[in-house]
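Below is one structure; the comments refer to it alone.
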Amino acid sequence: MRFRTPTVALAVTLLAVTALSACNRDSSDGAGGEGGGKVGIDLPRSDSDFWNSYQQYMEKGVKAEKIDHLPLTNSQNDIGKLAANVQTFRSQGAKAVIMAPQDTGAVAETLNNLAAKDIPAISVDTRPDEGDVYMVVRADNRAYGEQACKYLGEQLKGKGKVVEFQGDLASINGRDRSEAFKECMDENYPDIKVFELATEWKGEVASAKLQSTLAANPDIDGIYMQAGGVFLEPTLALLEQKKRLVPAGEKGHITIISNDGIPQELDAIREGKIDATVSQPADLYANIALYWAKKALAGDKPKEGPTDHDSTVIKIPNGYEDQLPAPLVTKENVDDPKLWANQLDKK
């Protein structure tokens with residue numbers, strides 16, 4: 001699987017809008033062209049290292065490509081704030097909107113309001129349950145759950161007890177990861193007992209529930225964290241406090257796999273504190289969202305099939321989805337310079 005460095009991805013992917021104007025679209029005149037108008041960009045939250053990294057890439061992208069955009073907003077995981085921010089974009093003349101709705105079931109009205117004004121919406125990381133969307137930019141979240149299941153199943157040799165920190169089940173990502181993980185475990189590893197802990201993507205909730213689960217089940221063998229950006233720090237702190245943070249390879253080690261691929265997770269893999277993560281491409285989430293925003297402004301219609309940026313566009317009931325690659329990271333490839341977290345500017 002090819003995975004470009006952020007520097008190359010930014011240059012190649014975004015310049016492809018003009019240099020490869022025929023790529024992955026249908027156009028009424030066969031040539032397409034640059035459209036005009038401002039882009040409204042709402043960031044979903046600031047309490048996650050993953051989303052803070054995404055914000056850095058988004059800020060770099062709009063500057064590098066001289067995107068005409070309105071001031072960035074942050075809806076702080078609040079669907080009401082997202083709706084208000086989008087309404088502000090509309091009143092300020094936005095011609096396209098990039099968002100990452102965390103509650104995928106409650107965003108339909110906001111999307112339909114945009115569609116009524118012919119303002120294309122690009123949804124990053126999450127696929128809205130309903131409401132018109134020009135393009136969803138996300139990785140295959142069911143694959144996250146399946147990869148985590150198979151990794152833990154193989155490492156534990158099909159037996160043991162595993163804790164799963166489920167994301168918010170109001171989010172398509174939380175549902176996809178949870179459902180795929182359960183289906184894989186039930187089918188392939190029936191002798192592994194899974195403790196499903198609902199967290200609403202909140203680290204403090206995960207930590208409190210893990211503490212209770214460990215008290216009742218001190219023989220926990222594995223943990224699946226659906227979002228390292230919010231779960232990593234409190235989980236490691238609790239395990240260290242309980243003297244359960246045993247290095248990988250030593251007796252008593254709890255096998256941990258995560259999702260996100262932030263620098264802190266990679267450092268934890270290097271240190272033997274966790275074993276693996278699935279790297280969500282924060283760089284490509286930002287770069288490809290801007291790519292599709294420019295396509296939308298140009299009036300281009302997406303179509304299904306492979307893209308020039310190593311992904312595949314599929315048709316979904318309410319629009320299209322660009323499914324980006326998300327590799328498994330372990331100690332064998334944690335230093336791969338192509339991983340976005342190894343290229344991110346560390347402040």
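Naming scheme: A, B, ... for chains in displayed order of the structure tokens; residues 1 onward per chain; ligands 1 onward as shown.
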
If you count only C-alpha atoms, which residues fall within 8 Å of Thr312 of chain A, apart from same-chain ones fewer than 6 positions away, as a PyMOL selection string? chain A and resi 304-306+322-324

Requested in this report: Considering only C-alpha atoms, return as number ranges by chain whatever protein or nucleic-acid residues lie within 8 Å of segment 125-142 of chain A, sequence-local ones (same chain, fewer than 6 positions apart) excluded.
Outcome: A: 100-102, 104-105, 107-112, 115, 171-173, 176-177, 179-181, 280, 285, 288-289, 292, 296, 302, 318-326

Picked from segment 36-172 of chain A by DSSP as helix (DSSP H, G or I), as a ChimeraX atom specification: /A:49-64,79-91,108-116,141-155,172

- Message: Report, in Å with one decimal, the straight-line distance from atom CA of Val194 of chain A to atom CA of Glu233 of chain A.
- Response: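 Rounded to one decimal, the two atoms are 21.9 Å apart.
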
Query raised in the report: Of the candidates A:Phe195, A:Ile41, A:Ser53, A:Gly160, which one gets nearest to Ala216 of chain A if we count only C-alpha atoms?
Result: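 When distances to Ala216 of chain A are compared using only C-alpha atoms, the smallest one comes from A:Phe195.
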
Determine, counting only C-alpha atoms, which protein, DNA and RNA residues have an atom within 12 Å of an atom of Leu238 of chain A; residues of the same chain fewer than 3 positions away are not included. Present the result as a PyMOL selection string. chain A and resi 203-204+206-212+214+231-235+241-245

Write the residues of the selection above to a file with all heavy atoms, as a compact mmCIF listing (two decimals), in the first residue's frame.
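Saved to result-v1.txt:
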# COMPACT_ATOMS: atom_id res chain seq x y z
N GLY A 203 -12.16 10.20 27.40
CA GLY A 203 -11.08 9.49 28.05
C GLY A 203 -11.34 9.21 29.51
O GLY A 203 -10.99 8.14 30.03
N GLU A 204 -11.96 10.16 30.21
CA GLU A 204 -12.21 9.97 31.64
C GLU A 204 -13.23 8.87 31.89
O GLU A 204 -13.16 8.13 32.87
CB GLU A 204 -12.66 11.27 32.30
CG GLU A 204 -14.02 11.81 31.88
CD GLU A 204 -14.00 12.65 30.61
OE1 GLU A 204 -12.97 12.62 29.90
OE2 GLU A 204 -15.01 13.33 30.34
N ALA A 206 -13.66 6.23 29.85
CA ALA A 206 -12.95 4.98 29.58
C ALA A 206 -12.09 4.57 30.76
O ALA A 206 -12.06 3.40 31.15
CB ALA A 206 -12.09 5.15 28.33
N SER A 207 -11.39 5.54 31.35
CA SER A 207 -10.50 5.23 32.48
C SER A 207 -11.29 4.72 33.68
O SER A 207 -10.90 3.73 34.33
CB SER A 207 -9.71 6.49 32.87
OG SER A 207 -8.85 6.22 33.95
N ALA A 208 -12.41 5.36 34.00
CA ALA A 208 -13.22 4.94 35.14
C ALA A 208 -13.78 3.54 34.93
O ALA A 208 -13.78 2.70 35.85
CB ALA A 208 -14.36 5.94 35.36
N LYS A 209 -14.26 3.26 33.71
CA LYS A 209 -14.83 1.94 33.43
C LYS A 209 -13.74 0.87 33.38
O LYS A 209 -13.98 -0.28 33.80
CB LYS A 209 -15.61 1.98 32.13
CG LYS A 209 -16.91 2.79 32.23
CD LYS A 209 -17.77 2.65 30.98
CE LYS A 209 -19.10 3.36 31.17
NZ LYS A 209 -19.99 3.20 30.01
N LEU A 210 -12.55 1.23 32.90
CA LEU A 210 -11.45 0.27 32.90
C LEU A 210 -11.05 -0.09 34.33
O LEU A 210 -10.78 -1.26 34.63
CB LEU A 210 -10.25 0.84 32.15
CG LEU A 210 -8.99 -0.03 32.14
CD1 LEU A 210 -9.26 -1.39 31.50
CD2 LEU A 210 -7.84 0.68 31.43
N GLN A 211 -11.03 0.91 35.21
CA GLN A 211 -10.67 0.66 36.60
C GLN A 211 -11.63 -0.35 37.23
O GLN A 211 -11.21 -1.29 37.92
CB GLN A 211 -10.67 1.96 37.39
CG GLN A 211 -10.25 1.79 38.85
CD GLN A 211 -9.98 3.12 39.53
OE1 GLN A 211 -9.94 4.16 38.90
NE2 GLN A 211 -9.78 3.08 40.83
N SER A 212 -12.93 -0.16 36.99
CA SER A 212 -13.92 -1.08 37.54
C SER A 212 -13.78 -2.48 36.94
O SER A 212 -13.89 -3.49 37.64
CB SER A 212 -15.34 -0.55 37.27
OG SER A 212 -15.53 0.71 37.88
N LEU A 214 -11.06 -3.86 35.64
CA LEU A 214 -9.84 -4.50 36.15
C LEU A 214 -10.02 -5.00 37.58
O LEU A 214 -9.47 -6.06 37.95
CB LEU A 214 -8.67 -3.51 36.09
CG LEU A 214 -8.03 -3.27 34.73
CD1 LEU A 214 -7.04 -2.11 34.80
CD2 LEU A 214 -7.34 -4.53 34.22
N PHE A 231 -8.02 8.26 24.39
CA PHE A 231 -7.92 7.16 25.35
C PHE A 231 -6.50 6.83 25.80
O PHE A 231 -6.32 6.25 26.88
CB PHE A 231 -8.53 5.89 24.76
CG PHE A 231 -9.99 5.98 24.44
CD1 PHE A 231 -10.50 5.36 23.31
CD2 PHE A 231 -10.87 6.69 25.25
CE1 PHE A 231 -11.85 5.42 23.01
CE2 PHE A 231 -12.21 6.78 24.96
CZ PHE A 231 -12.71 6.13 23.82
N LEU A 232 -5.50 7.16 25.01
CA LEU A 232 -4.14 6.70 25.29
C LEU A 232 -3.63 7.18 26.65
O LEU A 232 -3.22 6.38 27.50
CB LEU A 232 -3.18 7.14 24.18
CG LEU A 232 -1.73 6.72 24.38
CD1 LEU A 232 -1.57 5.21 24.27
CD2 LEU A 232 -0.81 7.44 23.39
N GLU A 233 -3.62 8.48 26.85
CA GLU A 233 -3.02 9.05 28.07
C GLU A 233 -3.69 8.55 29.35
O GLU A 233 -3.00 8.07 30.27
CB GLU A 233 -3.04 10.58 27.99
CG GLU A 233 -2.35 11.24 29.17
CD GLU A 233 -2.31 12.75 29.05
OE1 GLU A 233 -2.51 13.27 27.93
OE2 GLU A 233 -2.09 13.43 30.07
N PRO A 234 -5.04 8.64 29.46
CA PRO A 234 -5.65 8.17 30.71
C PRO A 234 -5.50 6.66 30.91
O PRO A 234 -5.40 6.20 32.05
CB PRO A 234 -7.12 8.57 30.56
CG PRO A 234 -7.33 8.80 29.11
CD PRO A 234 -6.04 9.27 28.56
N THR A 235 -5.46 5.89 29.83
CA THR A 235 -5.31 4.44 29.96
C THR A 235 -3.93 4.08 30.49
O THR A 235 -3.80 3.28 31.43
CB THR A 235 -5.55 3.75 28.61
OG1 THR A 235 -6.88 4.02 28.16
CG2 THR A 235 -5.35 2.25 28.72
N GLN A 241 -0.54 3.34 37.38
CA GLN A 241 -0.95 3.48 38.78
C GLN A 241 -1.25 2.12 39.40
O GLN A 241 -0.92 1.87 40.57
CB GLN A 241 -2.19 4.37 38.85
CG GLN A 241 -2.75 4.53 40.25
CD GLN A 241 -4.10 5.25 40.24
OE1 GLN A 241 -4.53 5.77 39.24
NE2 GLN A 241 -4.76 5.26 41.38
N LYS A 242 -1.87 1.24 38.62
CA LYS A 242 -2.24 -0.09 39.12
C LYS A 242 -1.11 -1.11 38.95
O LYS A 242 -1.31 -2.30 39.21
CB LYS A 242 -3.49 -0.60 38.36
CG LYS A 242 -4.72 0.27 38.53
CD LYS A 242 -5.18 0.32 39.98
CE LYS A 242 -6.42 1.17 40.14
NZ LYS A 242 -6.85 1.25 41.56
N LYS A 243 0.06 -0.62 38.50
CA LYS A 243 1.23 -1.49 38.29
C LYS A 243 0.93 -2.60 37.28
O LYS A 243 1.39 -3.73 37.41
CB LYS A 243 1.72 -2.08 39.61
CG LYS A 243 2.10 -1.03 40.65
CD LYS A 243 2.76 -1.63 41.86
CE LYS A 243 3.03 -0.57 42.94
NZ LYS A 243 3.81 0.57 42.46
N ARG A 244 0.13 -2.23 36.27
CA ARG A 244 -0.20 -3.17 35.20
C ARG A 244 0.42 -2.76 33.88
O ARG A 244 0.17 -3.41 32.85
CB ARG A 244 -1.73 -3.27 35.03
CG ARG A 244 -2.47 -3.83 36.23
CD ARG A 244 -2.04 -5.27 36.53
NE ARG A 244 -2.13 -6.13 35.35
CZ ARG A 244 -3.24 -6.75 34.95
NH1 ARG A 244 -4.36 -6.60 35.64
NH2 ARG A 244 -3.23 -7.53 33.88
N LEU A 245 1.23 -1.70 33.88
CA LEU A 245 1.86 -1.25 32.64
C LEU A 245 3.19 -2.01 32.48
O LEU A 245 4.27 -1.48 32.73
CB LEU A 245 2.09 0.26 32.66
CG LEU A 245 2.48 0.90 31.32
CD1 LEU A 245 1.40 0.65 30.28
CD2 LEU A 245 2.70 2.40 31.49

Report the closest atom pair, with its distance in Å rounded to one decimal, for each residue of segment 223-295 of chain A that has an atom no farther than 12 Å from segment 54-78 of chain A; count only C-alpha atoms, sort by chain and then rising residue number, and write it as a Markdown table.
| residue | atom | partner | partner_atom | distance |
| --- | --- | --- | --- | --- |
| A:Gly229 | CA | A:Tyr54 | CA | 11.5 |
| A:Asp260 | CA | A:Tyr54 | CA | 11.1 |
| A:Gly261 | CA | A:Tyr54 | CA | 11.8 |
| A:Ile262 | CA | A:Tyr54 | CA | 10.3 |
| A:Gln280 | CA | A:Tyr54 | CA | 10.3 |
| A:Pro281 | CA | A:Tyr54 | CA | 8.8 |
| A:Ala282 | CA | A:Tyr54 | CA | 5.0 |
| A:Asp283 | CA | A:Tyr57 | CA | 5.7 |
| A:Leu284 | CA | A:Tyr57 | CA | 8.5 |
| A:Tyr285 | CA | A:Tyr54 | CA | 7.3 |
| A:Ala286 | CA | A:Met58 | CA | 5.0 |
| A:Asn287 | CA | A:Gly61 | CA | 6.3 |
| A:Ile288 | CA | A:Gly61 | CA | 9.7 |
| A:Ala289 | CA | A:Met58 | CA | 8.9 |
| A:Leu290 | CA | A:Gly61 | CA | 7.5 |
| A:Tyr291 | CA | A:Gly61 | CA | 9.8 |
| A:Ala293 | CA | A:Ile67 | CA | 9.6 |
| A:Lys294 | CA | A:Ile67 | CA | 8.6 |

Print the selection's residues with N, CA, C and O atoms to a file, as an mmCIF file, in the first residue's frame.
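Produced file selection.cif, reproduced below:
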data_model
loop_
_atom_site.group_PDB
_atom_site.id
_atom_site.type_symbol
_atom_site.label_atom_id
_atom_site.label_comp_id
_atom_site.auth_asym_id
_atom_site.auth_seq_id
_atom_site.Cartn_x
_atom_site.Cartn_y
_atom_site.Cartn_z
ATOM 1 N N GLY A 229 -6.315 9.156 20.442
ATOM 2 C CA GLY A 229 -6.214 10.575 20.732
ATOM 3 C C GLY A 229 -6.869 10.973 22.036
ATOM 4 O O GLY A 229 -6.454 11.938 22.679
ATOM 5 N N ASP A 260 -5.850 5.675 15.467
ATOM 6 C CA ASP A 260 -5.540 7.085 15.230
ATOM 7 C C ASP A 260 -4.169 7.237 14.573
ATOM 8 O O ASP A 260 -4.050 7.850 13.526
ATOM 9 N N GLY A 261 -3.113 6.711 15.217
ATOM 10 C CA GLY A 261 -1.777 6.855 14.639
ATOM 11 C C GLY A 261 -1.107 8.167 14.971
ATOM 12 O O GLY A 261 -0.259 8.643 14.213
ATOM 13 N N ILE A 262 -1.455 8.753 16.130
ATOM 14 C CA ILE A 262 -0.832 10.011 16.549
ATOM 15 C C ILE A 262 0.605 9.757 17.011
ATOM 16 O O ILE A 262 0.980 8.622 17.328
ATOM 17 N N GLN A 280 -4.905 6.512 11.162
ATOM 18 C CA GLN A 280 -5.807 7.333 10.363
ATOM 19 C C GLN A 280 -4.993 8.450 9.726
ATOM 20 O O GLN A 280 -4.229 9.115 10.419
ATOM 21 N N PRO A 281 -5.175 8.707 8.434
ATOM 22 C CA PRO A 281 -4.337 9.696 7.755
ATOM 23 C C PRO A 281 -4.789 11.137 7.992
ATOM 24 O O PRO A 281 -5.503 11.722 7.184
ATOM 25 N N ALA A 282 -4.389 11.722 9.114
ATOM 26 C CA ALA A 282 -4.791 13.092 9.422
ATOM 27 C C ALA A 282 -4.362 14.065 8.329
ATOM 28 O O ALA A 282 -5.063 15.029 8.026
ATOM 29 N N ASP A 283 -3.192 13.803 7.747
ATOM 30 C CA ASP A 283 -2.715 14.683 6.674
ATOM 31 C C ASP A 283 -3.606 14.603 5.448
ATOM 32 O O ASP A 283 -4.035 15.625 4.894
ATOM 33 N N LEU A 284 -3.941 13.373 5.045
ATOM 34 C CA LEU A 284 -4.775 13.222 3.863
ATOM 35 C C LEU A 284 -6.219 13.636 4.129
ATOM 36 O O LEU A 284 -6.904 14.105 3.216
ATOM 37 N N TYR A 285 -6.692 13.472 5.356
ATOM 38 C CA TYR A 285 -8.033 13.951 5.666
ATOM 39 C C TYR A 285 -8.143 15.435 5.317
ATOM 40 O O TYR A 285 -9.117 15.878 4.706
ATOM 41 N N ALA A 286 -7.141 16.210 5.726
ATOM 42 C CA ALA A 286 -7.160 17.651 5.440
ATOM 43 C C ALA A 286 -6.930 17.922 3.955
ATOM 44 O O ALA A 286 -7.691 18.663 3.319
ATOM 45 N N ASN A 287 -5.880 17.311 3.403
ATOM 46 C CA ASN A 287 -5.517 17.604 2.013
ATOM 47 C C ASN A 287 -6.597 17.181 1.023
ATOM 48 O O ASN A 287 -6.908 17.912 0.071
ATOM 49 N N ILE A 288 -7.166 15.989 1.243
ATOM 50 C CA ILE A 288 -8.166 15.495 0.295
ATOM 51 C C ILE A 288 -9.501 16.208 0.482
ATOM 52 O O ILE A 288 -10.267 16.376 -0.470
ATOM 53 N N ALA A 289 -9.811 16.650 1.690
ATOM 54 C CA ALA A 289 -11.019 17.464 1.882
ATOM 55 C C ALA A 289 -10.918 18.754 1.072
ATOM 56 O O ALA A 289 -11.889 19.178 0.420
ATOM 57 N N LEU A 290 -9.749 19.381 1.101
ATOM 58 C CA LEU A 290 -9.550 20.592 0.301
ATOM 59 C C LEU A 290 -9.586 20.285 -1.188
ATOM 60 O O LEU A 290 -10.101 21.072 -1.995
ATOM 61 N N TYR A 291 -9.049 19.147 -1.562
ATOM 62 C CA TYR A 291 -9.094 18.690 -2.957
ATOM 63 C C TYR A 291 -10.536 18.627 -3.443
ATOM 64 O O TYR A 291 -10.883 19.158 -4.512
ATOM 65 N N ALA A 293 -13.163 20.047 -2.053
ATOM 66 C CA ALA A 293 -13.799 21.362 -1.988
ATOM 67 C C ALA A 293 -13.543 22.130 -3.284
ATOM 68 O O ALA A 293 -14.448 22.778 -3.821
ATOM 69 N N LYS A 294 -12.326 22.036 -3.790
ATOM 70 C CA LYS A 294 -12.009 22.717 -5.046
ATOM 71 C C LYS A 294 -12.754 22.074 -6.207
ATOM 72 O O LYS A 294 -13.202 22.761 -7.130
#

Requested in this report: Could you give me, as a PyMOL selection string, the residues within 8 Å of segment 199-202 of chain A, counting only C-alpha atoms and dropping anything in the same chain fewer than 6 positions from it?
Outcome: chain A and resi 165-169+227+230-231

Just all heavy atoms for this one: save the residues we selected as a PDB file, in the first residue's frame.
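File produced: part13.pdb:
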ATOM      1  N   PHE A 165     -12.824  -0.201  24.324  1.00  0.00           N
ATOM      2  CA  PHE A 165     -13.345   1.158  24.510  1.00  0.00           C
ATOM      3  C   PHE A 165     -14.114   1.538  23.252  1.00  0.00           C
ATOM      4  O   PHE A 165     -13.518   1.880  22.235  1.00  0.00           O
ATOM      5  CB  PHE A 165     -12.210   2.157  24.734  1.00  0.00           C
ATOM      6  CG  PHE A 165     -11.435   1.961  26.001  1.00  0.00           C
ATOM      7  CD1 PHE A 165     -10.123   2.403  26.086  1.00  0.00           C
ATOM      8  CD2 PHE A 165     -11.996   1.352  27.097  1.00  0.00           C
ATOM      9  CE1 PHE A 165      -9.384   2.233  27.247  1.00  0.00           C
ATOM     10  CE2 PHE A 165     -11.274   1.171  28.269  1.00  0.00           C
ATOM     11  CZ  PHE A 165      -9.966   1.610  28.347  1.00  0.00           C
ATOM     12  N   GLN A 166     -15.429   1.478  23.328  1.00  0.00           N
ATOM     13  CA  GLN A 166     -16.243   1.817  22.171  1.00  0.00           C
ATOM     14  C   GLN A 166     -16.384   3.333  22.056  1.00  0.00           C
ATOM     15  O   GLN A 166     -16.597   4.023  23.048  1.00  0.00           O
ATOM     16  CB  GLN A 166     -17.633   1.194  22.295  1.00  0.00           C
ATOM     17  CG  GLN A 166     -17.632  -0.324  22.269  1.00  0.00           C
ATOM     18  CD  GLN A 166     -19.032  -0.889  22.412  1.00  0.00           C
ATOM     19  OE1 GLN A 166     -19.845  -0.391  23.180  1.00  0.00           O
ATOM     20  NE2 GLN A 166     -19.318  -1.941  21.672  1.00  0.00           N
ATOM     21  N   GLY A 167     -16.295   3.822  20.838  1.00  0.00           N
ATOM     22  CA  GLY A 167     -16.570   5.234  20.611  1.00  0.00           C
ATOM     23  C   GLY A 167     -18.063   5.503  20.746  1.00  0.00           C
ATOM     24  O   GLY A 167     -18.860   4.603  21.023  1.00  0.00           O
ATOM     25  N   ASP A 168     -18.444   6.738  20.557  1.00  0.00           N
ATOM     26  CA  ASP A 168     -19.848   7.118  20.656  1.00  0.00           C
ATOM     27  C   ASP A 168     -20.652   6.354  19.602  1.00  0.00           C
ATOM     28  O   ASP A 168     -20.390   6.475  18.406  1.00  0.00           O
ATOM     29  CB  ASP A 168     -19.987   8.624  20.446  1.00  0.00           C
ATOM     30  CG  ASP A 168     -21.361   9.136  20.836  1.00  0.00           C
ATOM     31  OD1 ASP A 168     -22.310   8.327  20.894  1.00  0.00           O
ATOM     32  OD2 ASP A 168     -21.486  10.348  21.079  1.00  0.00           O
ATOM     33  N   LEU A 169     -21.636   5.586  20.034  1.00  0.00           N
ATOM     34  CA  LEU A 169     -22.419   4.795  19.093  1.00  0.00           C
ATOM     35  C   LEU A 169     -23.426   5.649  18.326  1.00  0.00           C
ATOM     36  O   LEU A 169     -24.122   5.138  17.450  1.00  0.00           O
ATOM     37  CB  LEU A 169     -23.118   3.650  19.832  1.00  0.00           C
ATOM     38  CG  LEU A 169     -22.150   2.656  20.489  1.00  0.00           C
ATOM     39  CD1 LEU A 169     -22.916   1.527  21.167  1.00  0.00           C
ATOM     40  CD2 LEU A 169     -21.158   2.096  19.486  1.00  0.00           C
ATOM     41  N   ALA A 227      -9.926   5.080  19.856  1.00  0.00           N
ATOM     42  CA  ALA A 227      -9.398   6.413  19.544  1.00  0.00           C
ATOM     43  C   ALA A 227      -8.261   6.738  20.502  1.00  0.00           C
ATOM     44  O   ALA A 227      -8.500   7.168  21.636  1.00  0.00           O
ATOM     45  CB  ALA A 227     -10.500   7.470  19.640  1.00  0.00           C
ATOM     46  N   VAL A 230      -7.908  10.235  22.460  1.00  0.00           N
ATOM     47  CA  VAL A 230      -8.573  10.558  23.721  1.00  0.00           C
ATOM     48  C   VAL A 230      -8.349   9.484  24.791  1.00  0.00           C
ATOM     49  O   VAL A 230      -8.482   9.766  25.983  1.00  0.00           O
ATOM     50  CB  VAL A 230     -10.098  10.777  23.524  1.00  0.00           C
ATOM     51  CG1 VAL A 230     -10.343  12.043  22.732  1.00  0.00           C
ATOM     52  CG2 VAL A 230     -10.751   9.579  22.841  1.00  0.00           C
ATOM     53  N   PHE A 231      -8.021   8.259  24.387  1.00  0.00           N
ATOM     54  CA  PHE A 231      -7.920   7.163  25.348  1.00  0.00           C
ATOM     55  C   PHE A 231      -6.498   6.833  25.800  1.00  0.00           C
ATOM     56  O   PHE A 231      -6.316   6.249  26.877  1.00  0.00           O
ATOM     57  CB  PHE A 231      -8.528   5.889  24.760  1.00  0.00           C
ATOM     58  CG  PHE A 231      -9.989   5.982  24.435  1.00  0.00           C
ATOM     59  CD1 PHE A 231     -10.503   5.356  23.310  1.00  0.00           C
ATOM     60  CD2 PHE A 231     -10.865   6.689  25.252  1.00  0.00           C
ATOM     61  CE1 PHE A 231     -11.852   5.423  23.008  1.00  0.00           C
ATOM     62  CE2 PHE A 231     -12.211   6.776  24.959  1.00  0.00           C
ATOM     63  CZ  PHE A 231     -12.711   6.133  23.824  1.00  0.00           C
TER      64      PHE A 231
END

Next item on the list: Determine, counting only C-alpha atoms, which protein, DNA and RNA residues have an atom within 12 Å of an atom of Tyr151 of chain A; residues of the same chain fewer than 6 positions away are not included. Present the result as a PyMOL selection string.
Entry: chain A and resi 143-145+157-158+162+181+184-185+188-189+222-224+255-258+275-278+328-330

Residue selection dump (N, CA and C atoms) as an mmCIF file, in the first residue's frame:
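File written: out-v7.cif
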data_model
loop_
_atom_site.group_PDB
_atom_site.id
_atom_site.type_symbol
_atom_site.label_atom_id
_atom_site.label_comp_id
_atom_site.auth_asym_id
_atom_site.auth_seq_id
_atom_site.Cartn_x
_atom_site.Cartn_y
_atom_site.Cartn_z
ATOM 1 N N ALA A 143 -12.855 -1.736 8.722
ATOM 2 C CA ALA A 143 -11.538 -2.379 8.656
ATOM 3 C C ALA A 143 -10.747 -2.121 9.937
ATOM 4 N N TYR A 144 -10.973 -0.958 10.581
ATOM 5 C CA TYR A 144 -10.299 -0.684 11.856
ATOM 6 C C TYR A 144 -10.662 -1.758 12.884
ATOM 7 N N GLY A 145 -11.977 -2.001 13.023
ATOM 8 C CA GLY A 145 -12.432 -2.989 13.989
ATOM 9 C C GLY A 145 -11.941 -4.386 13.667
ATOM 10 N N LYS A 157 -3.630 -15.751 20.971
ATOM 11 C CA LYS A 157 -3.804 -17.148 20.557
ATOM 12 C C LYS A 157 -5.248 -17.627 20.788
ATOM 13 N N GLY A 158 -6.175 -16.704 20.567
ATOM 14 C CA GLY A 158 -7.588 -17.067 20.583
ATOM 15 C C GLY A 158 -8.223 -17.244 21.937
ATOM 16 N N VAL A 162 -10.658 -9.396 26.904
ATOM 17 C CA VAL A 162 -10.304 -8.156 26.212
ATOM 18 C C VAL A 162 -11.299 -7.058 26.569
ATOM 19 N N PHE A 181 -15.698 -5.231 15.035
ATOM 20 C CA PHE A 181 -14.898 -5.902 16.062
ATOM 21 C C PHE A 181 -15.684 -7.069 16.656
ATOM 22 N N CYS A 184 -16.192 -9.989 14.100
ATOM 23 C CA CYS A 184 -14.939 -10.721 13.903
ATOM 24 C C CYS A 184 -14.624 -11.599 15.104
ATOM 25 N N MET A 185 -14.796 -11.058 16.315
ATOM 26 C CA MET A 185 -14.529 -11.834 17.524
ATOM 27 C C MET A 185 -15.472 -13.033 17.631
ATOM 28 N N ASN A 188 -14.446 -15.612 14.813
ATOM 29 C CA ASN A 188 -13.108 -16.194 14.764
ATOM 30 C C ASN A 188 -12.500 -16.546 16.116
ATOM 31 N N TYR A 189 -12.918 -15.850 17.175
ATOM 32 C CA TYR A 189 -12.290 -16.055 18.474
ATOM 33 C C TYR A 189 -13.338 -16.176 19.583
ATOM 34 N N GLY A 222 -6.062 -8.014 27.089
ATOM 35 C CA GLY A 222 -5.926 -7.098 25.966
ATOM 36 C C GLY A 222 -6.887 -5.934 26.053
ATOM 37 N N ILE A 223 -6.550 -4.861 25.343
ATOM 38 C CA ILE A 223 -7.393 -3.662 25.274
ATOM 39 C C ILE A 223 -7.439 -3.176 23.833
ATOM 40 N N TYR A 224 -8.638 -2.851 23.372
ATOM 41 C CA TYR A 224 -8.812 -2.205 22.068
ATOM 42 C C TYR A 224 -9.346 -0.807 22.315
ATOM 43 N N THR A 255 -1.828 -6.697 26.060
ATOM 44 C CA THR A 255 -1.705 -6.352 24.645
ATOM 45 C C THR A 255 -2.709 -5.260 24.299
ATOM 46 N N ILE A 256 -2.209 -4.148 23.752
ATOM 47 C CA ILE A 256 -3.061 -2.990 23.463
ATOM 48 C C ILE A 256 -2.930 -2.598 21.999
ATOM 49 N N ILE A 257 -4.066 -2.472 21.331
ATOM 50 C CA ILE A 257 -4.106 -1.922 19.976
ATOM 51 C C ILE A 257 -5.050 -0.734 19.974
ATOM 52 N N SER A 258 -4.702 0.277 19.204
ATOM 53 C CA SER A 258 -5.440 1.530 19.203
ATOM 54 C C SER A 258 -5.803 1.927 17.780
ATOM 55 N N ASP A 275 1.022 -2.019 21.706
ATOM 56 C CA ASP A 275 1.576 -2.925 20.703
ATOM 57 C C ASP A 275 1.332 -2.490 19.262
ATOM 58 N N ALA A 276 0.199 -1.818 19.017
ATOM 59 C CA ALA A 276 -0.139 -1.497 17.631
ATOM 60 C C ALA A 276 -1.182 -0.392 17.590
ATOM 61 N N THR A 277 -1.292 0.222 16.431
ATOM 62 C CA THR A 277 -2.374 1.164 16.165
ATOM 63 C C THR A 277 -2.690 1.120 14.680
ATOM 64 N N VAL A 278 -3.877 1.553 14.331
ATOM 65 C CA VAL A 278 -4.241 1.738 12.927
ATOM 66 C C VAL A 278 -4.167 3.229 12.648
ATOM 67 N N LEU A 328 -1.822 -0.601 9.371
ATOM 68 C CA LEU A 328 -1.539 -1.090 10.724
ATOM 69 C C LEU A 328 -0.095 -0.751 11.064
ATOM 70 N N VAL A 329 0.117 -0.216 12.270
ATOM 71 C CA VAL A 329 1.464 0.155 12.715
ATOM 72 C C VAL A 329 1.829 -0.698 13.924
ATOM 73 N N THR A 330 2.973 -1.369 13.848
ATOM 74 C CA THR A 330 3.510 -2.160 14.949
ATOM 75 C C THR A 330 4.979 -1.787 15.124
#

Check your understanding: Which distance in Å separates atom CA of Leu114 of chain A and atom CA of Lys315 of chain A, to one decimal?
Key ->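 If I compute the distance from atom CA of Leu114 of chain A to atom CA of Lys315 of chain A, I get 20.0 Å.
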
Atom pair atom CA of Trp340 of chain A + atom CA of Ala248 of chain A, distance 24.1 Å

* Pick out the residues sitting within 10 Å of Asp221 of chain A, and hand them over as a ChimeraX atom specification; count only C-alpha atoms, and ignore anything fewer than 3 positions along from it in its own chain. => /A:152,155-156,159-163,192-193,217-218,252-256

Check segment 128-328 of chain A with DSSP on the backbone and list each residue it calls strand (DSSP E), as a ChimeraX atom specification.
/A:133-139,160-166,192-198,222-225,255-260,276-279,301-302,305-306,312-316,319-324,328

Restricting the calculation to only C-alpha atoms: of A:Ala96, A:Val313, A:Leu266, A:Ala298, which residue gets closest to Lys331 of chain A?
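When distances to Lys331 of chain A are compared using only C-alpha atoms, the smallest one comes from A:Leu266.
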